[in-house]
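What follows is one structure encoded as structure tokens, with my remarks underneath.
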Amino acid sequence: MSGQESTIVIVIAVIAALLLLLWVLMRQRRSKALRDSFGDEYDRTVETRGNREQAEADLIDRRDRVAKLDIRPLTVSERDRFAGEWTETKALFVDSPIEAVSRADRLLTQIMNTRGFPMSDFEHRHADLTVDHADTAKHYLAGHEIADRASDATTEELRRALNHYETLFADMTSEVADGDGHDETRTAHDMDGDGRADHVVATGAPTRPVEYRGVSTKPQ
């Protein structure tokens, strides 16, 4: 091999090495961005898929799918209606914990559908939720896992499920569109002292007390 040919081979090898390094760096950067965006859901998806590349492809597909959805905040009347139904659901827990958890699950599905999340099974709703609501999606999953075995769950487990659901409820109702269709920042208030938002009002608006008829989902 001549000196010129050797030089060409070396140059090609260097370019190939640089391209490989660039590819590795891009993969690492993508992985970090997805981990930062999805949080614990990133690790859960990797574990479920059993393959990091497939898991990341799944997360990217979710992000692209949700980007095409028309997700909107609730209107004031929708928010108030759902807040009333949530109050009734919590009150139901005293006499029928299983029915209260089941009703909370159905109510959250209704709220998500109203906001523009597609009608689908839980797995797809949860997957869509992880894109922009990764932290509360964890609570949705935890609550649903208990709800799925509600007939065998203890009262304390059902109480935890309702608390998990309440976190998602507060998130889904935290922004409300005003009469002009603009988002209105809302402030969550804990009325029953359980450490979670029970009612949402506009910032600067007077807080309206919510009656729970002595019911608290706070673990004893």
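By convention here, the chains of the structure tokens are called A, B, ... in the order presented, each chain's residues are numbered starting at 1, and ligands are numbered starting at 1 in the order presented.
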Problem - Test item: residues at most 12 Å from Glu78 of chain A, only C-alpha atoms, excluding those fewer than 4 positions along its chain, as a list of chain:residue names - result: A:Arg72, A:Pro73, A:Leu74, A:Phe82, A:Ala83, A:Gly84, A:Glu85, A:Gln110, A:Ile111, A:Met112, A:Thr114, A:Arg115, A:Met172, A:Thr173, A:Glu175, A:Val176, A:Ala177, A:Asp178
Practice task
Mind checking which residues fall within 10 Å of segment 126-136 of chain A, counting only C-alpha atoms, ignoring those fewer than 4 positions away in the same chain, and posting them as number ranges by chain?
Solution key: A: 34, 37-42, 45, 58-67, 69, 112, 117-118, 120-122, 140-142, 144, 164-172
Export of the given selection (N, CA and C atoms) as an mmCIF file, in the first residue's frame:
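New file part13.cif:
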```cif
data_model
loop_
_atom_site.group_PDB
_atom_site.id
_atom_site.type_symbol
_atom_site.label_atom_id
_atom_site.label_comp_id
_atom_site.auth_asym_id
_atom_site.auth_seq_id
_atom_site.Cartn_x
_atom_site.Cartn_y
_atom_site.Cartn_z
ATOM 1 N N LEU A 34 -35.029 13.047 27.317
ATOM 2 C CA LEU A 34 -36.219 12.243 27.596
ATOM 3 C C LEU A 34 -36.332 11.937 29.079
ATOM 4 N N SER A 37 -37.544 14.994 30.841
ATOM 5 C CA SER A 37 -38.928 15.301 30.515
ATOM 6 C C SER A 37 -39.903 14.339 31.190
ATOM 7 N N PHE A 38 -39.593 13.041 31.164
ATOM 8 C CA PHE A 38 -40.538 12.027 31.642
ATOM 9 C C PHE A 38 -40.269 11.570 33.072
ATOM 10 N N GLY A 39 -39.128 11.924 33.636
ATOM 11 C CA GLY A 39 -38.850 11.557 35.021
ATOM 12 C C GLY A 39 -38.849 10.052 35.240
ATOM 13 N N ASP A 40 -39.536 9.625 36.299
ATOM 14 C CA ASP A 40 -39.577 8.206 36.647
ATOM 15 C C ASP A 40 -40.211 7.357 35.552
ATOM 16 N N GLU A 41 -41.065 7.965 34.744
ATOM 17 C CA GLU A 41 -41.709 7.220 33.668
ATOM 18 C C GLU A 41 -40.681 6.720 32.662
ATOM 19 N N TYR A 42 -39.576 7.423 32.518
ATOM 20 C CA TYR A 42 -38.505 6.968 31.623
ATOM 21 C C TYR A 42 -37.989 5.610 32.082
ATOM 22 N N THR A 45 -40.615 2.825 31.736
ATOM 23 C CA THR A 45 -40.807 2.386 30.356
ATOM 24 C C THR A 45 -39.646 1.515 29.893
ATOM 25 N N ASP A 58 -40.768 4.644 22.124
ATOM 26 C CA ASP A 58 -42.133 4.713 22.658
ATOM 27 C C ASP A 58 -42.417 6.102 23.218
ATOM 28 N N LEU A 59 -41.491 6.638 24.001
ATOM 29 C CA LEU A 59 -41.685 7.953 24.608
ATOM 30 C C LEU A 59 -41.757 9.055 23.545
ATOM 31 N N ILE A 60 -40.947 8.943 22.528
ATOM 32 C CA ILE A 60 -40.981 9.926 21.438
ATOM 33 C C ILE A 60 -42.314 9.844 20.694
ATOM 34 N N ASP A 61 -42.809 8.618 20.476
ATOM 35 C CA ASP A 61 -44.113 8.444 19.825
ATOM 36 C C ASP A 61 -45.217 9.093 20.650
ATOM 37 N N ARG A 62 -45.156 8.943 21.980
ATOM 38 C CA ARG A 62 -46.153 9.571 22.859
ATOM 39 C C ARG A 62 -46.115 11.092 22.683
ATOM 40 N N ARG A 63 -44.921 11.628 22.721
ATOM 41 C CA ARG A 63 -44.767 13.084 22.622
ATOM 42 C C ARG A 63 -45.306 13.611 21.298
ATOM 43 N N ASP A 64 -45.012 12.890 20.232
ATOM 44 C CA ASP A 64 -45.495 13.319 18.916
ATOM 45 C C ASP A 64 -47.013 13.194 18.825
ATOM 46 N N ARG A 65 -47.562 12.141 19.421
ATOM 47 C CA ARG A 65 -49.008 11.929 19.386
ATOM 48 C C ARG A 65 -49.742 13.018 20.168
ATOM 49 N N VAL A 66 -49.254 13.317 21.354
ATOM 50 C CA VAL A 66 -49.909 14.325 22.198
ATOM 51 C C VAL A 66 -49.791 15.717 21.578
ATOM 52 N N ALA A 67 -48.698 15.959 20.861
ATOM 53 C CA ALA A 67 -48.512 17.269 20.220
ATOM 54 C C ALA A 67 -49.611 17.541 19.195
ATOM 55 N N LEU A 69 -52.751 16.558 19.616
ATOM 56 C CA LEU A 69 -54.052 16.626 20.285
ATOM 57 C C LEU A 69 -54.420 18.078 20.603
ATOM 58 N N MET A 112 -60.563 14.207 31.783
ATOM 59 C CA MET A 112 -59.522 14.133 30.760
ATOM 60 C C MET A 112 -60.127 14.153 29.360
ATOM 61 N N PHE A 117 -58.215 14.760 25.893
ATOM 62 C CA PHE A 117 -57.507 13.483 25.809
ATOM 63 C C PHE A 117 -58.435 12.470 25.139
ATOM 64 N N PRO A 118 -57.915 11.649 24.239
ATOM 65 C CA PRO A 118 -58.772 10.734 23.476
ATOM 66 C C PRO A 118 -59.470 9.696 24.349
ATOM 67 N N SER A 120 -59.983 6.261 25.279
ATOM 68 C CA SER A 120 -59.127 5.091 25.101
ATOM 69 C C SER A 120 -59.063 4.327 26.409
ATOM 70 N N ASP A 121 -58.270 3.243 26.427
ATOM 71 C CA ASP A 121 -58.133 2.486 27.666
ATOM 72 C C ASP A 121 -57.170 3.209 28.610
ATOM 73 N N PHE A 122 -57.069 2.695 29.829
ATOM 74 C CA PHE A 122 -56.254 3.373 30.837
ATOM 75 C C PHE A 122 -54.804 3.509 30.396
ATOM 76 N N TYR A 140 -51.747 8.874 39.125
ATOM 77 C CA TYR A 140 -52.836 8.237 38.364
ATOM 78 C C TYR A 140 -52.593 6.738 38.280
ATOM 79 N N LEU A 141 -51.370 6.343 37.989
ATOM 80 C CA LEU A 141 -51.020 4.928 37.880
ATOM 81 C C LEU A 141 -51.166 4.221 39.223
ATOM 82 N N ALA A 142 -50.648 4.858 40.280
ATOM 83 C CA ALA A 142 -50.720 4.241 41.610
ATOM 84 C C ALA A 142 -52.166 4.074 42.067
ATOM 85 N N HIS A 144 -54.837 3.867 40.130
ATOM 86 C CA HIS A 144 -55.529 2.904 39.283
ATOM 87 C C HIS A 144 -55.148 1.467 39.632
ATOM 88 N N HIS A 164 -54.251 9.669 45.762
ATOM 89 C CA HIS A 164 -53.527 9.708 44.490
ATOM 90 C C HIS A 164 -54.393 10.363 43.412
ATOM 91 N N TYR A 165 -55.646 9.957 43.354
ATOM 92 C CA TYR A 165 -56.561 10.516 42.355
ATOM 93 C C TYR A 165 -56.776 12.011 42.577
ATOM 94 N N GLU A 166 -56.781 12.424 43.839
ATOM 95 C CA GLU A 166 -57.013 13.837 44.124
ATOM 96 C C GLU A 166 -55.873 14.709 43.599
ATOM 97 N N THR A 167 -54.659 14.156 43.607
ATOM 98 C CA THR A 167 -53.530 14.893 43.048
ATOM 99 C C THR A 167 -53.744 15.156 41.564
ATOM 100 N N LEU A 168 -54.212 14.147 40.852
ATOM 101 C CA LEU A 168 -54.486 14.327 39.426
ATOM 102 C C LEU A 168 -55.662 15.264 39.210
ATOM 103 N N PHE A 169 -56.694 15.145 40.039
ATOM 104 C CA PHE A 169 -57.846 16.035 39.917
ATOM 105 C C PHE A 169 -57.416 17.493 40.048
ATOM 106 N N ALA A 170 -56.569 17.781 41.047
ATOM 107 C CA ALA A 170 -56.096 19.154 41.254
ATOM 108 C C ALA A 170 -55.315 19.649 40.047
ATOM 109 N N ASP A 171 -54.514 18.770 39.464
ATOM 110 C CA ASP A 171 -53.725 19.152 38.289
ATOM 111 C C ASP A 171 -54.625 19.419 37.088
ATOM 112 N N MET A 172 -55.580 18.531 36.848
ATOM 113 C CA MET A 172 -56.440 18.651 35.671
ATOM 114 C C MET A 172 -57.382 19.857 35.748
#
```
Exercise for the section: DSSP on the backbone, then: every residue of segment 46-97 of chain A marked helix (DSSP H, G or I), written as a PyMOL selection string. Expected result: chain A and resi 46-49+52-67+76-92+97
Output C-alpha atoms for every residue in that selection, as a compact mmCIF listing (two decimals), in the first residue's frame.
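See out-v1.txt below for the written result:
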```txt
# COMPACT_ATOMS: atom_id res chain seq x y z
CA VAL A 46 -37.25 1.06 29.94
CA GLU A 47 -38.01 -1.66 32.48
CA THR A 48 -41.33 -2.51 30.83
CA ARG A 49 -39.88 -2.60 27.33
CA ARG A 52 -33.67 1.34 26.11
CA GLU A 53 -33.92 2.03 22.38
CA GLN A 54 -37.48 0.69 22.17
CA ALA A 55 -38.45 2.57 25.32
CA GLU A 56 -37.14 5.86 23.97
CA ALA A 57 -38.91 5.28 20.66
CA ASP A 58 -42.13 4.71 22.66
CA LEU A 59 -41.69 7.95 24.61
CA ILE A 60 -40.98 9.93 21.44
CA ASP A 61 -44.11 8.44 19.83
CA ARG A 62 -46.15 9.57 22.86
CA ARG A 63 -44.77 13.08 22.62
CA ASP A 64 -45.49 13.32 18.92
CA ARG A 65 -49.01 11.93 19.39
CA VAL A 66 -49.91 14.32 22.20
CA ALA A 67 -48.51 17.27 20.22
CA VAL A 76 -65.36 27.82 34.55
CA SER A 77 -68.71 26.02 34.47
CA GLU A 78 -67.04 22.68 33.70
CA ARG A 79 -64.56 23.18 36.53
CA ASP A 80 -67.30 24.05 39.00
CA ARG A 81 -69.39 21.05 37.95
CA PHE A 82 -66.47 18.67 38.31
CA ALA A 83 -65.51 20.24 41.66
CA GLY A 84 -69.02 19.53 42.95
CA GLU A 85 -68.87 15.94 41.73
CA TRP A 86 -65.47 15.49 43.34
CA THR A 87 -66.82 16.75 46.67
CA GLU A 88 -69.66 14.21 46.45
CA THR A 89 -67.19 11.47 45.57
CA LYS A 90 -65.07 12.15 48.65
CA ALA A 91 -68.15 12.24 50.84
CA LEU A 92 -69.15 8.82 49.49
CA PRO A 97 -64.91 3.30 49.91
```
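Residues with any atom within 8 Å of Glu157 of chain A, counting only C-alpha atoms and excluding same-chain neighbours fewer than 4 positions away, are Ile146, Ala153 and Ala161 of chain A.
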Exercise for the section: May I have all residues of segment 5-200 of chain A that DSSP, computed from the backbone, assigns to strand (DSSP E), given as JSON, numbers by chain? Expected result: {"A": [74, 75, 175, 176, 177, 183, 184, 185, 186, 187, 188, 189, 199, 200]}
